[in-house]
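Heads up: the structure comes next, in structure tokens.
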Amino acid sequence: MDRESMEYDVVIVGAGPSGLSAAIKLKQLDPQITVCVLEKGSEVGAHILSGAVLEPRAMEELFPDWEERGAPLNVKVTRDTFLYYLSKKWAVRLPSFLIPKPTHNHGNYIVSMANVCRWLAEQAEALEVDIYPGFAASEIVFHADGSVKGVATGDMGISQQGDRKASYAQGMELHAQYTLFAEGCRGHLGKQLIKKYALDQSADPQHYGIGIKEIWDIPESQHDEGLVIHGFGWPLQESSSGGGAFLYHAENSQVYVGLIADLNYSNPHMSPFDEFQRWKHHPQTLKYLQGGSRVAYGARAVIKGGLNSLPKMHFPGGLLIGCDAGTLNALKIKGNHTAMKSGLIAAEVIVEARRDNEISPSELSAYADRFKQSWLYDELHKSRNFSGWMHSFPLLMASAFVWFEQNIFFGKLPLTLRDTLCDHDAMKPAADCKKIHYPKPDQMISFDKASSVYMSSTNHEEDQPCHLKLDDVQLPITFNLGMYDEPAQRYCPAGVYEVVEESDGEKRFQINAQNCVHCKTCDIKEPSQNINWVTPEGAGGPNYPNM
């Protein structure tokens with residue numbers, strides 16, 4: 001049976017910073033162009049999770065008058081602190097001159113990116129962009145010649161567009177001259193496009209981290225609005241893992257607190273969730289959280305390979321933009337301004353192509369040239385070695401190399417480091433690794449996964465198909481359990497995966513898909529690449545209020 005379809009000039013998959021920026025810029029440049037944005041979350045911002053300290057450069061290009069328009073950039077960074085945690089009791093504050101210049105936050109803002117995206121959506125709708133929350137783009141639709149024609153949804157949803165409210169049946173297709181994929185890190189459809197068109201054949205393997213975040217209300221006496229704190233070392237270093245932690249003092253006596261663990265860790269006993277819980281007990285963190293209360297929790301994979309891992313972003317009929325491609329600058333610990341800029345470039349190239357009477361869906365090869373001429377490329381090029389340094393050398397030595405490259409050579413060192421080991425290939429056998437014993441949560445500062453997932457407001461309809469697909473349903477027990485002590489039990493920050501022992505002593509791999517917060521860690525870190533995260537029904541997953 002033929003599916004119903006709708007036609008647009010441009011279809012955008014994902015209402016994050018890159019997708020919404022592209023939609024707005026398209027309408028700014030050509031008010032007659034028809035644009036729609038699909039969003040799998042129940043509303044714009046429901047699936048957005050980011051630190052976040054925002055560099056406003058791309059926002060200023062999109063809306064020079066963003067302040068007058070009421071953009072929710074309300075807290076300017078006032079102080080920037082880096083801590084090196086020597087142990088679970090001690091920390092050393094690093095002087096400013098020892099911090100690589102690109103990581104400084106002068107002129108930046110502490111924001112909720114969920115709220116920024118909601119505001120961007122309002123600006124887009126005012127320009128007559130159609131936004132469809134609750135619509136999960138479940139598959140790519142192709143022309144007979146192999147170019148992208150659009151996408152198909154697998155769920156019902158309702159448009160937010162005031163004068164075009166409509167509800168569509170399952171299997172709705174949206175066709176476009178160009179389709180932009182802005183799904184965020186490890187996009188389900190983006191992964192398929194990279195494979196189909198071999199977009200990564202000239203790139204290093206992509207690299208990732210898992211970011212875990214909480215929002216806390218804290219006593220006013222412990223709050224210092226505008227203070228940004230980054231820490232590295234303990235506890236991850238104790239577990240032979242890379243990454244770091246953050247604590248941002250936002251408005252209304254709230255702090256955003258979180259940890260990013262590199263997913264190239266080798267010890268299968270490591271649990272990023274539990275590393276975060278014990279980090280909160282460090283005295284330098286505890287002094288802010290003591291007496292406070294946790295109000296939100298979430299987790300999301302972070303793409304961090306940088307320029308060396310960036311695939312070709314254009315293909316017949318569309319583009320990969322933002323973290324769907326991998327534009328985050330891991331050295332800066334920021335990806336929102338770069339995602340927005342990639343969307344702005346996409347809009348400019350599409351409008352120019354249409355003005356040149358390029359009617360048929362074709363490859364937007366001009367994107368590559370425009371990208372290389374932009375400050376986005378320059379920024380990523382200067383930080384291209386960050387992943388190589390951090391993954392190839394001990395922490396202090398790697399940090400020294402990064403400082404030398406950025407502060408002495410200003411990112412122009414005549415050397416490019418390659419980081420060719422895939423994150424999932426870094427896992428060592430459990431028998432070769434030290435077991436890590438994590439303390440039980442006290443339910444005041446540290447918490448368990450079940451109560452954390454509850455605070456993410458995650459929900460999936462119980463009768464929908466499981467969106468976590470196993471290529472080999474037996475492999476978790478027959479191979480992973482013996483070789484790696486089934487690490488999915490620990491790398492998942494939401495308690496989705498369990499090894500259950502039956503009454504007869506047999507063990508069974510259980511998937512609690514209703515707990516999934518859509519972080520994509522399982523799709524990335526599973527050692528045999530046996531888990532494939534596919535798009536669940538629209539509106540399912542977390543419902544973040546202001547992450």
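Just remember, in the structure tokens the first chain shown is A, the second B, etc., residues are 1-based per chain, and ligands are 1-based in the order shown.
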task: as an MDAnalysis selection string, list the residues of segment 450-508 of chain A assigned to helix (DSSP H, G or I) by DSSP on the backbone atoms of this structure.
output: chainID A and resid 450:455 475:484 488:491
message: With only C-alpha atoms as the counted atoms, please give the residues lying no more than 7 Å from Leu319 of chain A, apart from itself and same-chain residues fewer than 2 positions off, as a PyMOL selection string.
response: chain A and resi 179-181+313-315+321
query: Looking at only C-alpha atoms, which of A:Ala121, A:Ala46, A:Ala400, A:Ala23 is the one that sits closest to Ala539 of chain A?
result: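 Smallest distance to Ala539 of chain A is found for A:Ala46.
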field: Nearby residues (only C-alpha atoms) at most 10 Å from Pro95 of chain A, same-chain spacing under 4 positions excluded, as a PyMOL selection string
entry: chain A and resi 81-83+99
Writer output for current selection, C-alpha atoms, as a PDB file, in the first residue's frame:
ATOM      1  CA  THR A  81      38.061  27.404  37.163  1.00  0.00           C
ATOM      2  CA  PHE A  82      39.932  24.204  36.287  1.00  0.00           C
ATOM      3  CA  LEU A  83      40.649  21.616  38.963  1.00  0.00           C
ATOM      4  CA  ILE A  99      44.867  26.187  30.620  1.00  0.00           C
TER       5      ILE A  99
END
field: DSSP-assigned strand (DSSP E) members of segment 193-290 of chain A, reported as JSON, numbers by chain
entry: {"A": [208, 209, 210, 211, 212, 213, 214, 215, 216, 217, 227, 228, 229, 230, 231, 232, 233, 243, 244, 245, 246, 247, 248, 249, 254, 255, 256, 257, 258, 259, 260, 261, 262]}
- request: Please provide the set of residues having any atom within 6 Å of Val141 of chain A, restricted to only C-alpha atoms, with same-chain residues fewer than 4 positions apart removed, written as a list in words.
  value: Lys149, Gly150 and Val151 of chain A
